[in-house]
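Below is the file my_file10.tsv, which contains TSV, C-alpha atoms and all ligand atoms.
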chain	number	residue	atom	x	y	z
I	1	MET	CA	38.85	-47.37	-97.92
I	2	CYS	CA	40.25	-43.98	-98.70
I	3	GLY	CA	38.66	-42.36	-95.65
I	4	GLN	CA	41.08	-44.37	-93.55
I	5	ASN	CA	44.02	-42.85	-95.37
I	6	ALA	CA	42.97	-39.30	-94.57
I	7	SER	CA	44.89	-38.60	-91.39
I	8	PRO	CA	43.74	-35.61	-89.30
I	9	GLU	CA	47.25	-35.50	-87.77
I	10	PRO	CA	48.96	-32.12	-88.14
I	11	ALA	CA	50.77	-31.83	-91.49
I	12	ALA	CA	54.54	-31.32	-91.29
I	13	ASP	CA	56.53	-29.79	-94.13
I	14	PRO	CA	60.21	-30.24	-95.03
I	15	ALA	CA	61.23	-27.26	-92.89
I	16	GLY	CA	59.62	-28.98	-89.89
I	17	ALA	CA	56.74	-26.49	-89.64
I	18	ARG	CA	53.37	-27.92	-88.58
I	19	HIS	CA	49.89	-26.59	-89.13
I	20	VAL	CA	47.39	-27.71	-86.51
I	21	PRO	CA	43.79	-27.12	-87.68
I	22	VAL	CA	41.93	-24.81	-85.30
I	23	LEU	CA	38.51	-25.59	-83.78
I	24	LEU	CA	38.53	-28.92	-85.61
I	25	ASN	CA	35.75	-30.70	-83.70
I	26	GLU	CA	33.65	-27.55	-83.62
I	27	VAL	CA	33.93	-27.32	-87.43
I	28	LEU	CA	33.03	-30.99	-87.96
I	29	GLU	CA	30.05	-30.77	-85.61
I	30	GLY	CA	28.96	-27.33	-86.78
I	31	LEU	CA	29.04	-28.32	-90.44
I	32	ALA	CA	27.23	-31.58	-89.53
I	33	ILE	CA	29.53	-33.60	-91.81
I	34	ARG	CA	27.95	-37.01	-92.56
I	35	PRO	CA	28.96	-39.98	-94.72
I	36	GLY	CA	28.49	-39.15	-98.38
I	37	ALA	CA	28.62	-35.36	-97.84
I	38	ARG	CA	29.72	-33.07	-100.68
I	39	ILE	CA	31.96	-30.37	-99.31
I	40	ILE	CA	34.03	-27.40	-100.45
I	41	ASP	CA	37.12	-26.34	-98.49
I	42	GLY	CA	37.99	-22.88	-99.84
I	43	THR	CA	41.25	-22.64	-97.86
I	44	LEU	CA	43.09	-25.97	-97.87
I	45	GLY	CA	46.28	-24.77	-96.14
I	46	GLY	CA	47.90	-27.92	-94.73
I	47	GLY	CA	44.75	-29.97	-95.39
I	48	GLY	CA	44.03	-30.56	-91.69
I	49	HIS	CA	40.31	-29.75	-91.81
I	50	THR	CA	39.99	-31.50	-95.17
I	51	ALA	CA	41.64	-34.69	-93.86
I	52	ALA	CA	39.20	-34.83	-90.97
I	53	MET	CA	36.22	-34.04	-93.23
I	54	LEU	CA	37.28	-36.85	-95.57
I	55	GLU	CA	37.21	-39.22	-92.63
I	56	ARG	CA	33.81	-38.04	-91.40
I	57	SER	CA	32.28	-38.20	-94.89
I	58	ALA	CA	33.74	-41.66	-95.70
I	59	PRO	CA	33.23	-43.88	-97.54
I	60	ASN	CA	31.90	-41.84	-100.44
I	61	GLY	CA	31.90	-38.17	-99.41
I	62	ARG	CA	33.69	-35.83	-101.81
I	63	ILE	CA	35.61	-32.61	-101.24
I	64	LEU	CA	36.62	-29.84	-103.60
I	65	GLY	CA	39.65	-28.08	-102.11
I	66	LEU	CA	40.96	-24.67	-103.17
I	67	ASP	CA	43.98	-22.64	-102.18
I	68	ALA	CA	45.55	-19.60	-103.81
I	69	ASP	CA	48.96	-20.95	-102.86
I	70	PRO	CA	50.37	-23.63	-105.18
I	71	ALA	CA	52.64	-24.87	-102.36
I	72	ALA	CA	49.51	-25.71	-100.30
I	73	ILE	CA	48.05	-27.66	-103.23
I	74	ARG	CA	51.30	-29.62	-103.67
I	75	ARG	CA	51.51	-30.39	-99.95
I	76	VAL	CA	47.91	-31.58	-99.68
I	77	ALA	CA	48.19	-33.58	-102.92
I	78	GLN	CA	51.03	-35.49	-101.30
I	79	ARG	CA	49.48	-35.83	-97.86
I	80	LEU	CA	46.07	-36.95	-99.09
I	81	ALA	CA	47.19	-38.74	-102.27
I	82	PRO	CA	44.90	-41.79	-101.79
I	83	ALA	CA	41.80	-39.57	-101.62
I	84	VAL	CA	42.94	-37.69	-104.73
I	85	GLU	CA	43.52	-40.97	-106.58
I	86	THR	CA	40.03	-42.28	-105.81
I	87	GLY	CA	38.43	-38.98	-106.80
I	88	ARG	CA	37.16	-38.23	-103.30
I	89	LEU	CA	39.34	-35.11	-103.18
I	90	VAL	CA	39.64	-32.65	-106.07
I	91	LEU	CA	42.37	-30.02	-105.67
I	92	VAL	CA	42.40	-26.71	-107.52
I	93	GLN	CA	44.85	-23.84	-107.20
I	94	ALA	CA	42.56	-20.83	-107.29
I	95	ASN	CA	41.53	-17.81	-105.32
I	96	PHE	CA	38.29	-18.42	-103.45
I	97	THR	CA	36.80	-15.42	-105.25
I	98	ALA	CA	36.48	-17.91	-108.15
I	99	ILE	CA	34.70	-20.49	-105.95
I	100	ALA	CA	31.42	-20.47	-107.92
I	101	GLN	CA	33.18	-20.88	-111.27
I	102	VAL	CA	35.52	-23.63	-110.02
I	103	ALA	CA	32.70	-25.48	-108.22
I	104	THR	CA	30.44	-25.40	-111.27
I	105	PHE	CA	33.25	-26.63	-113.49
I	106	HIS	CA	33.86	-29.61	-111.18
I	107	GLY	CA	30.18	-30.35	-110.57
I	108	PHE	CA	30.17	-29.17	-106.92
I	109	ASN	CA	26.88	-27.26	-106.94
I	110	GLU	CA	24.27	-27.83	-104.21
I	111	VAL	CA	26.87	-28.86	-101.63
I	112	ASP	CA	26.29	-29.86	-97.99
I	113	ALA	CA	29.07	-27.79	-96.45
I	114	ILE	CA	31.60	-25.07	-97.17
I	115	LEU	CA	34.55	-24.08	-94.98
I	116	LEU	CA	36.63	-20.90	-95.14
I	117	ASP	CA	39.50	-20.89	-92.62
I	118	LEU	CA	40.91	-17.46	-93.36
I	119	GLY	CA	44.37	-15.95	-93.25
I	120	LEU	CA	47.69	-17.69	-93.57
I	121	SER	CA	48.96	-21.13	-92.63
I	122	SER	CA	51.82	-21.98	-90.30
I	123	PHE	CA	53.77	-23.18	-93.37
I	124	GLN	CA	53.52	-19.78	-95.02
I	125	LEU	CA	54.55	-18.06	-91.79
I	126	ALA	CA	57.47	-20.43	-91.26
I	127	THR	CA	58.82	-20.13	-94.81
I	128	ALA	CA	61.14	-17.10	-94.67
I	129	GLU	CA	61.14	-16.62	-98.48
I	130	ARG	CA	57.40	-15.93	-98.42
I	131	GLY	CA	58.05	-12.76	-96.42
I	132	PHE	CA	55.16	-13.04	-93.92
I	133	SER	CA	57.24	-13.08	-90.76
I	134	PHE	CA	59.47	-10.53	-89.11
I	135	ALA	CA	60.95	-13.27	-86.94
I	136	GLN	CA	63.12	-14.33	-89.87
I	137	SER	CA	64.72	-12.37	-92.68
I	138	GLY	CA	62.93	-12.75	-96.01
I	139	PRO	CA	61.93	-10.68	-99.04
I	140	LEU	CA	59.00	-8.26	-98.64
I	141	ASP	CA	56.56	-10.50	-100.47
I	142	MET	CA	53.47	-11.67	-98.44
I	143	ARG	CA	51.52	-12.96	-101.47
I	144	PHE	CA	49.36	-16.07	-100.99
I	145	ASP	CA	49.56	-16.54	-104.76
I	146	PRO	CA	53.12	-16.01	-106.05
I	147	GLN	CA	51.70	-15.28	-109.55
I	148	GLN	CA	50.01	-12.15	-108.28
I	149	ARG	CA	51.73	-8.85	-109.20
I	150	LEU	CA	51.29	-6.75	-106.03
I	151	THR	CA	53.80	-7.45	-103.24
I	152	ALA	CA	54.48	-5.91	-99.84
I	153	ALA	CA	57.68	-4.39	-101.30
I	154	GLU	CA	55.66	-2.43	-103.85
I	155	ILE	CA	53.34	-1.02	-101.17
I	156	VAL	CA	56.12	-0.12	-98.74
I	157	ASN	CA	58.56	1.24	-101.31
I	158	THR	CA	56.30	3.02	-103.82
I	159	TRP	CA	52.94	4.00	-102.35
I	160	PRO	CA	52.46	7.65	-101.29
I	161	GLU	CA	52.83	8.31	-97.57
I	162	ASP	CA	49.13	9.00	-96.95
I	163	GLU	CA	48.04	5.78	-98.71
I	164	LEU	CA	50.60	3.77	-96.75
I	165	ALA	CA	49.36	5.36	-93.52
I	166	ASP	CA	45.73	4.56	-94.45
I	167	VAL	CA	46.58	0.90	-95.05
I	168	ILE	CA	48.39	0.62	-91.71
I	169	TYR	CA	45.53	2.38	-89.92
I	170	ARG	CA	42.62	0.56	-91.57
I	171	TYR	CA	43.97	-2.97	-91.84
I	172	GLY	CA	46.33	-2.94	-88.85
I	173	GLU	CA	44.08	-0.84	-86.57
I	174	GLU	CA	47.37	0.88	-85.68
I	175	HIS	CA	46.81	4.32	-84.14
I	176	ARG	CA	50.46	5.30	-84.76
I	177	SER	CA	50.03	4.75	-88.52
I	178	ARG	CA	50.92	8.33	-89.59
I	179	ARG	CA	54.14	8.29	-87.60
I	180	ILE	CA	55.11	4.87	-88.97
I	181	ALA	CA	54.31	5.79	-92.59
I	182	ARG	CA	56.26	9.08	-92.35
I	183	TYR	CA	59.31	7.26	-90.99
I	184	LEU	CA	59.12	4.43	-93.55
I	185	VAL	CA	58.83	6.84	-96.48
I	186	ARG	CA	61.92	8.71	-95.23
I	187	GLN	CA	63.94	5.50	-94.79
I	188	ARG	CA	62.83	3.48	-97.84
I	189	PRO	CA	63.55	1.45	-99.92
I	190	PHE	CA	63.43	-1.73	-97.81
I	191	THR	CA	64.23	-5.18	-99.15
I	192	THR	CA	63.73	-7.56	-96.23
I	193	THR	CA	61.16	-8.24	-93.51
I	194	ASP	CA	63.64	-7.79	-90.66
I	195	GLU	CA	64.76	-4.38	-92.00
I	196	LEU	CA	61.15	-3.28	-92.17
I	197	ALA	CA	60.30	-4.63	-88.70
I	198	GLU	CA	63.32	-2.83	-87.24
I	199	ALA	CA	62.31	0.44	-88.94
I	200	VAL	CA	58.71	0.20	-87.65
I	201	SER	CA	60.08	-0.48	-84.19
I	202	ARG	CA	62.32	2.60	-84.40
I	203	ALA	CA	59.41	4.72	-85.71
I	204	VAL	CA	57.38	4.02	-82.56
I	205	GLY	CA	60.28	4.34	-80.14
I	206	GLY	CA	61.55	0.77	-79.86
I	207	ARG	CA	60.31	-2.40	-78.26
I	208	ARG	CA	61.07	-1.60	-74.60
I	209	GLY	CA	60.05	-4.99	-73.21
I	210	LYS	CA	56.68	-5.14	-75.00
I	211	ARG	CA	55.29	-8.67	-75.36
I	212	ILE	CA	53.95	-8.01	-78.86
I	213	HIS	CA	56.47	-6.82	-81.45
I	214	PRO	CA	55.74	-3.20	-82.48
I	215	ALA	CA	55.63	-4.24	-86.16
I	216	THR	CA	52.86	-6.84	-85.66
I	217	LYS	CA	49.99	-4.57	-86.70
I	218	THR	CA	51.91	-3.10	-89.65
I	219	PHE	CA	52.72	-6.59	-90.94
I	220	GLN	CA	49.09	-7.67	-90.59
I	221	ALA	CA	48.00	-4.54	-92.48
I	222	LEU	CA	50.43	-5.15	-95.34
I	223	ARG	CA	49.38	-8.80	-95.67
I	224	ILE	CA	45.70	-7.86	-95.80
I	225	ALA	CA	46.38	-5.18	-98.43
I	226	VAL	CA	48.64	-7.39	-100.58
I	227	ASN	CA	46.06	-10.18	-100.69
I	228	HIS	CA	42.93	-7.95	-100.82
I	229	GLU	CA	41.70	-10.07	-97.95
I	230	LEU	CA	38.65	-8.07	-96.90
I	231	ALA	CA	37.35	-7.29	-100.38
I	232	TYR	CA	37.82	-10.90	-101.49
I	233	LEU	CA	35.97	-12.19	-98.44
I	234	GLU	CA	33.04	-9.86	-99.17
I	235	GLU	CA	32.99	-11.06	-102.78
I	236	THR	CA	33.07	-14.73	-101.80
I	237	LEU	CA	30.41	-15.04	-99.07
I	238	PRO	CA	27.41	-14.57	-101.42
I	239	GLN	CA	28.93	-17.11	-103.83
I	240	CYS	CA	29.12	-19.65	-100.98
I	241	LEU	CA	25.45	-19.10	-100.21
I	242	ALA	CA	24.55	-19.76	-103.84
I	243	LEU	CA	26.52	-23.03	-103.81
I	244	LEU	CA	24.83	-24.53	-100.73
I	245	LYS	CA	21.83	-26.81	-101.02
I	246	PRO	CA	18.88	-26.05	-98.73
I	247	GLY	CA	20.04	-26.96	-95.22
I	248	GLY	CA	23.69	-26.86	-96.34
I	249	ARG	CA	26.06	-25.12	-93.95
I	250	LEU	CA	28.81	-22.50	-94.20
I	251	ALA	CA	31.54	-22.17	-91.56
I	252	VAL	CA	33.99	-19.27	-91.51
I	253	ILE	CA	36.96	-19.02	-89.15
I	254	SER	CA	38.45	-15.55	-88.89
I	255	PHE	CA	41.50	-14.35	-87.03
I	256	HIS	CA	40.97	-10.62	-86.63
I	257	SER	CA	38.08	-8.30	-85.92
I	258	LEU	CA	37.98	-6.80	-89.43
I	259	GLU	CA	37.23	-10.16	-91.02
I	260	ASP	CA	34.91	-11.27	-88.25
I	261	ARG	CA	32.87	-8.07	-88.59
I	262	ILE	CA	32.35	-8.74	-92.31
I	263	VAL	CA	31.21	-12.33	-91.66
I	264	LYS	CA	28.99	-11.34	-88.74
I	265	ARG	CA	27.23	-8.49	-90.59
I	266	TRP	CA	26.72	-10.54	-93.74
I	267	MET	CA	25.31	-13.53	-91.86
I	268	GLN	CA	23.04	-11.31	-89.77
I	269	PHE	CA	21.77	-9.53	-92.88
I	270	GLU	CA	21.08	-12.80	-94.71
I	271	ALA	CA	19.31	-14.21	-91.63
I	272	SER	CA	17.10	-11.17	-91.10
I	273	ASP	CA	13.44	-11.02	-92.09
I	274	TYR	CA	13.18	-7.29	-91.64
I	275	LEU	CA	15.27	-4.34	-92.76
I	276	PRO	CA	15.07	-0.91	-91.18
I	277	ASP	CA	13.87	1.67	-93.70
I	278	PRO	CA	15.94	4.87	-93.44
I	279	MET	CA	13.02	6.87	-94.89
I	280	HIS	CA	10.64	5.66	-92.15
I	281	PRO	CA	12.36	5.50	-88.76
I	282	TYR	CA	9.46	3.53	-87.23
I	283	GLY	CA	8.85	1.32	-90.24
I	284	GLY	CA	10.80	-1.31	-92.11
I	285	ILE	CA	10.88	-3.57	-95.10
I	286	GLU	CA	10.13	-7.25	-94.85
I	287	ARG	CA	12.48	-9.65	-96.60
I	288	THR	CA	12.81	-13.41	-96.95
I	289	PRO	CA	15.82	-14.65	-94.98
I	290	THR	CA	18.26	-16.89	-96.82
I	291	LEU	CA	20.29	-18.11	-93.83
I	292	ARG	CA	19.62	-19.47	-90.35
I	293	LEU	CA	22.32	-18.65	-87.82
I	294	ILE	CA	23.72	-21.79	-86.18
I	295	THR	CA	26.05	-19.72	-84.01
I	296	LYS	CA	24.49	-16.58	-82.53
I	297	LYS	CA	27.87	-15.74	-80.97
I	298	PRO	CA	31.16	-16.89	-82.49
I	299	ILE	CA	32.71	-20.11	-81.19
I	300	THR	CA	36.20	-19.61	-79.75
I	301	ALA	CA	38.88	-22.07	-78.71
I	302	THR	CA	38.87	-23.68	-75.26
I	303	PRO	CA	41.72	-22.76	-72.88
I	304	ALA	CA	43.21	-26.22	-73.56
I	305	GLU	CA	43.28	-25.66	-77.33
I	306	MET	CA	44.73	-22.17	-76.84
I	307	ALA	CA	47.50	-23.61	-74.68
I	308	ASP	CA	48.16	-26.31	-77.24
I	309	ASN	CA	47.92	-24.18	-80.38
I	310	PRO	CA	48.61	-20.44	-79.95
I	311	ARG	CA	47.14	-19.73	-83.45
I	312	SER	CA	43.72	-20.62	-82.06
I	313	ARG	CA	43.75	-17.75	-79.54
I	314	SER	CA	42.25	-15.21	-81.92
I	315	ALA	CA	40.08	-17.65	-83.93
I	316	LYS	CA	36.35	-17.00	-84.21
I	317	LEU	CA	34.07	-19.52	-85.87
I	318	ARG	CA	30.67	-18.54	-87.26
I	319	ILE	CA	28.29	-21.02	-88.85
I	320	ALA	CA	25.03	-20.57	-90.74
I	321	ALA	CA	22.69	-22.86	-92.69
I	322	HIS	CA	21.07	-22.09	-96.03
I	323	LEU	CA	17.28	-21.96	-95.71
Q	401	LIG	C1	44.59	-20.82	-92.08
Q	401	LIG	S1	45.11	-21.61	-93.56
Q	401	LIG	C2	44.01	-22.96	-93.72
Q	401	LIG	C3	44.40	-24.13	-92.89
Q	401	LIG	C4	43.60	-25.39	-93.12
Q	401	LIG	N1	42.23	-25.23	-92.74
Q	401	LIG	C5	44.22	-26.58	-92.42
Q	401	LIG	O1	43.56	-27.19	-91.57
Q	401	LIG	O2	45.36	-26.91	-92.68
Q	401	LIG	C6	44.54	-20.50	-94.76
Q	401	LIG	C7	44.87	-20.88	-96.20
Q	401	LIG	O3	43.99	-20.11	-97.01
Q	401	LIG	C8	44.68	-19.69	-98.15
Q	401	LIG	N2	43.99	-18.47	-98.62
Q	401	LIG	C9	43.91	-17.29	-98.00
Q	401	LIG	N3	43.17	-16.43	-98.75
Q	401	LIG	C10	42.78	-17.12	-99.85
Q	401	LIG	C11	42.01	-16.78	-100.98
Q	401	LIG	N4	41.49	-15.55	-101.14
Q	401	LIG	N5	41.78	-17.74	-101.90
Q	401	LIG	C12	42.30	-18.99	-101.74
Q	401	LIG	N6	43.07	-19.35	-100.70
Q	401	LIG	C13	43.30	-18.43	-99.76
Q	401	LIG	C14	46.09	-19.45	-97.71
Q	401	LIG	O4	46.98	-19.58	-98.80
Q	401	LIG	C15	46.27	-20.55	-96.65
Q	401	LIG	O5	46.89	-21.69	-97.21

Would you write the structure of this file as structure tokens?
Ligand SMILES: C[S@@+](CC[C@H](N)C(=O)[O-])C[C@H]1O[C@@H](n2cnc3c(N)ncnc32)[C@H](O)[C@@H]1O
Amino acid sequence: MCGQNASPEPAADPAGARHVPVLLNEVLEGLAIRPGARIIDGTLGGGGHTAAMLERSAPNGRILGLDADPAAIRRVAQRLAPAVETGRLVLVQANFTAIAQVATFHGFNEVDAILLDLGLSSFQLATAERGFSFAQSGPLDMRFDPQQRLTAAEIVNTWPEDELADVIYRYGEEHRSRRIARYLVRQRPFTTTDELAEAVSRAVGGRRGKRIHPATKTFQALRIAVNHELAYLEETLPQCLALLKPGGRLAVISFHSLEDRIVKRWMQFEASDYLPDPMHPYGGIERTPTLRLITKKPITATPAEMADNPRSRSAKLRIAAHL
């Protein structure tokens, strides 16, 4: 039975990196995955959540898995080959902004569950050539999809100082953004991640024993800008709603407050039966809710999971059901 071949063990890649799926049991329970379920995983990564969902939905559940990164598709195709062969797992390299189109093409309308586990995988972080990490020297890339044109190098080396500062401020929530942007514009061009990290560090006066590297927020900001992460998430959530059958569930795991705010506000709006009317401060407009919140507050990792998997420390899981 192919469900038995779908191992929820962490996936390891040739470089030895491992991606441990976060909040795995909470996702399986929250999405109420049952045998025969039809599921979409919009962010395959290492296939950890998908492997476990294949097991839970065995013997005949089916999953459509997307990832913008062709390396993720290749890795999961290898790891979960038996499920692909039997047609239980369909893999598509695509941005999740195309989720409705891809799902319709593959006959995955009216699904039971959709998962978006946002951000980047441990494989992407551990692969120096992808340029996500300042811990190793790599090109200033940071694209999830290597076919995309915009790279971190283009932003850092060509964007005007005020636009660079805005990106660092908005997406990195970095209050020293103006100082960093001014310094980077004076010192550019940069070719590698370690050069950039060193320059950011110098711009803010060095590391001086800080636990968090001074370039952390700038790197997060660049990654979000390169991959249009917030805009794409906003575009995708309503498509997910349209793909769920009544009672079907959507789970989103986010890793920073900017993403979580988008998910929280959208879910709350869709779950509300009343909208304040700006023209009538004491009145409002009634509406028909489309979602029921399963999680009123986001689910976070237990101390044991955080100790085991540091990626889980900032994870927030929100779940809602289509009415
Ligand atoms: C945190 S990982 C997912 C890990 C996965 N749940 C697992 O258990 O292995 C996030 C993945 O989402 C992909 N991704 C991020 N934004 C995307 C987008 N807009 N469209 C498609 N894939 C995206 C990344 O390439 C990455 O592989």

Fill in: Pick from I:Val185, I:Leu66, I:Ala304, I:Leu164 nearest to ligand LIG 401 (chain Q), counting only C-alpha atoms and all ligand atoms
I:Leu66

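Picture a line from CA of Glu26 (chain I) to CA of Leu244 (chain I); it runs 19.5 Å.
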
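Closest approach to ligand LIG 401 (chain Q) among I:Val84, I:Ala77, I:Val111, I:Ile224: I:Ile224, based on all atoms listed in the file.
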
Hey, which residues come within 9 Å of ligand LIG 401 (chain Q) if we count only C-alpha atoms and all ligand atoms? Could you give them as a compact mmCIF listing (two decimals) with C-alpha atoms, keeping the file's coordinate frame?
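The result, stored in part-v1.txt:
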# COMPACT_ATOMS: atom_id res chain seq x y z
CA PRO I 8 43.74 -35.61 -89.30
CA PRO I 10 48.96 -32.12 -88.14
CA ALA I 11 50.77 -31.83 -91.49
CA HIS I 19 49.89 -26.59 -89.13
CA VAL I 20 47.39 -27.71 -86.51
CA PRO I 21 43.79 -27.12 -87.68
CA VAL I 22 41.93 -24.81 -85.30
CA LEU I 24 38.53 -28.92 -85.61
CA ASP I 41 37.12 -26.34 -98.49
CA GLY I 42 37.99 -22.88 -99.84
CA THR I 43 41.25 -22.64 -97.86
CA LEU I 44 43.09 -25.97 -97.87
CA GLY I 45 46.28 -24.77 -96.14
CA GLY I 46 47.90 -27.92 -94.73
CA GLY I 47 44.75 -29.97 -95.39
CA GLY I 48 44.03 -30.56 -91.69
CA HIS I 49 40.31 -29.75 -91.81
CA THR I 50 39.99 -31.50 -95.17
CA ALA I 51 41.64 -34.69 -93.86
CA ALA I 52 39.20 -34.83 -90.97
CA LEU I 66 40.96 -24.67 -103.17
CA ASP I 67 43.98 -22.64 -102.18
CA ALA I 68 45.55 -19.60 -103.81
CA ASP I 69 48.96 -20.95 -102.86
CA PRO I 70 50.37 -23.63 -105.18
CA ALA I 71 52.64 -24.87 -102.36
CA ALA I 72 49.51 -25.71 -100.30
CA ILE I 73 48.05 -27.66 -103.23
CA VAL I 76 47.91 -31.58 -99.68
CA GLN I 93 44.85 -23.84 -107.20
CA ALA I 94 42.56 -20.83 -107.29
CA ASN I 95 41.53 -17.81 -105.32
CA PHE I 96 38.29 -18.42 -103.45
CA THR I 97 36.80 -15.42 -105.25
CA ALA I 98 36.48 -17.91 -108.15
CA ILE I 99 34.70 -20.49 -105.95
CA LEU I 115 34.55 -24.08 -94.98
CA LEU I 116 36.63 -20.90 -95.14
CA ASP I 117 39.50 -20.89 -92.62
CA LEU I 118 40.91 -17.46 -93.36
CA GLY I 119 44.37 -15.95 -93.25
CA LEU I 120 47.69 -17.69 -93.57
CA SER I 121 48.96 -21.13 -92.63
CA SER I 122 51.82 -21.98 -90.30
CA PHE I 123 53.77 -23.18 -93.37
CA GLN I 124 53.52 -19.78 -95.02
CA ARG I 143 51.52 -12.96 -101.47
CA PHE I 144 49.36 -16.07 -100.99
CA ASP I 145 49.56 -16.54 -104.76
CA ASN I 227 46.06 -10.18 -100.69
CA HIS I 228 42.93 -7.95 -100.82
CA GLU I 229 41.70 -10.07 -97.95
CA TYR I 232 37.82 -10.90 -101.49
CA LEU I 233 35.97 -12.19 -98.44
CA THR I 236 33.07 -14.73 -101.80
CA ILE I 253 36.96 -19.02 -89.15
CA SER I 254 38.45 -15.55 -88.89
CA PHE I 255 41.50 -14.35 -87.03

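Between Glu174 (chain I) and the candidates I:Arg211, I:Lys245, I:Arg79, I:Lys217, the tightest atom-to-atom separation, counting all atoms listed in the file, involves I:Lys217.
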
Worksheet entry | Residue neighbourhood region 189-195 of chain I, 10 Å, all atoms listed in the file, exclusion window fewer than 2 positions, as a ChimeraX atom specification | /I:128-142,152-154,156-158,184-187,197-201,215,219

Expected file contents, prior selection, C-alpha atoms, as an mmCIF file, keeping the file's coordinate frame:
data_model
loop_
_atom_site.group_PDB
_atom_site.id
_atom_site.type_symbol
_atom_site.label_atom_id
_atom_site.label_comp_id
_atom_site.auth_asym_id
_atom_site.auth_seq_id
_atom_site.Cartn_x
_atom_site.Cartn_y
_atom_site.Cartn_z
ATOM 1 C CA ALA I 128 61.140 -17.100 -94.670
ATOM 2 C CA GLU I 129 61.140 -16.620 -98.480
ATOM 3 C CA ARG I 130 57.400 -15.930 -98.420
ATOM 4 C CA GLY I 131 58.050 -12.760 -96.420
ATOM 5 C CA PHE I 132 55.160 -13.040 -93.920
ATOM 6 C CA SER I 133 57.240 -13.080 -90.760
ATOM 7 C CA PHE I 134 59.470 -10.530 -89.110
ATOM 8 C CA ALA I 135 60.950 -13.270 -86.940
ATOM 9 C CA GLN I 136 63.120 -14.330 -89.870
ATOM 10 C CA SER I 137 64.720 -12.370 -92.680
ATOM 11 C CA GLY I 138 62.930 -12.750 -96.010
ATOM 12 C CA PRO I 139 61.930 -10.680 -99.040
ATOM 13 C CA LEU I 140 59.000 -8.260 -98.640
ATOM 14 C CA ASP I 141 56.560 -10.500 -100.470
ATOM 15 C CA MET I 142 53.470 -11.670 -98.440
ATOM 16 C CA ALA I 152 54.480 -5.910 -99.840
ATOM 17 C CA ALA I 153 57.680 -4.390 -101.300
ATOM 18 C CA GLU I 154 55.660 -2.430 -103.850
ATOM 19 C CA VAL I 156 56.120 -0.120 -98.740
ATOM 20 C CA ASN I 157 58.560 1.240 -101.310
ATOM 21 C CA THR I 158 56.300 3.020 -103.820
ATOM 22 C CA LEU I 184 59.120 4.430 -93.550
ATOM 23 C CA VAL I 185 58.830 6.840 -96.480
ATOM 24 C CA ARG I 186 61.920 8.710 -95.230
ATOM 25 C CA GLN I 187 63.940 5.500 -94.790
ATOM 26 C CA ALA I 197 60.300 -4.630 -88.700
ATOM 27 C CA GLU I 198 63.320 -2.830 -87.240
ATOM 28 C CA ALA I 199 62.310 0.440 -88.940
ATOM 29 C CA VAL I 200 58.710 0.200 -87.650
ATOM 30 C CA SER I 201 60.080 -0.480 -84.190
ATOM 31 C CA ALA I 215 55.630 -4.240 -86.160
ATOM 32 C CA PHE I 219 52.720 -6.590 -90.940
#

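The spacing separating CA of Gly61 (chain I) from CA of Val263 (chain I) amounts to 27.0 Å.
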
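Shortest separation to Asn25 (chain I) among I:Leu237, I:Met279, I:Met53, I:Ile40 occurs at residue I:Met53, atoms counted being only C-alpha atoms.
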
Worksheet item: Could you pull the residues within 8 Å of Leu291 (chain I), counting all atoms listed in the file, minus those fewer than 5 positions along the same chain, as a PyMOL selection string?
Response: chain I and resi 267+270-271+320-323

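Each of I:Phe108, I:Phe269, I:Trp159, I:Tyr171 was compared to Arg188 (chain I) using all atoms listed in the file, and I:Trp159 turns out to be the nearest.
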
Discussion item. Quick check, in Å to one decimal: how far apart do CA of Ala103 (chain I) and CA of Leu243 (chain I) lie?
Written reply: 8.0 Å

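Comparing I:Thr300, I:Thr295, I:Gln239, I:Gln78 by their smallest distance to Ile319 (chain I), the closest is I:Thr295 (using all atoms listed in the file).
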
8 Å per side around region 256-271 of chain I: axis-aligned box centre and edge lengths, as JSON:
{"center_x": 30.1, "center_y": -10.5, "center_z": -90.3, "size_x": 37.7, "size_y": 23.4, "size_z": 24.8}

Worksheet entry | Near-Pro298 (chain I) list (10 Å; all atoms listed in the file; drop same-chain fewer than 6 positions) as a list in words | Val252, Ile253, Ser254, Asp260, Lys264, Ala315, Lys316, Leu317, Arg318 and Ile319 of chain I

Between region 221-320 of chain I and region 27-32 of chain I, at 7 Å or less, what are the per-residue closest atom pairs and their distances in Å? Count only C-alpha atoms, order by chain and rising residue number, and return it as CSV.
residue,atom,partner,partner_atom,distance
I:Arg249,CA,I:Leu31,CA,5.6
I:Leu250,CA,I:Leu31,CA,6.9
I:Ala251,CA,I:Leu31,CA,6.7
I:Ile319,CA,I:Gly30,CA,6.7

Convert the current residue selection to file output with C-alpha atoms, as a PDB file, in the frame of the given file.
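The file below, result-v1.pdb, is the result:
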ATOM      1  CA  ARG I 249      26.060 -25.120 -93.950  1.00  0.00           C
ATOM      2  CA  LEU I 250      28.810 -22.500 -94.200  1.00  0.00           C
ATOM      3  CA  ALA I 251      31.540 -22.170 -91.560  1.00  0.00           C
ATOM      4  CA  ILE I 319      28.290 -21.020 -88.850  1.00  0.00           C
TER       5      ILE I 319
END
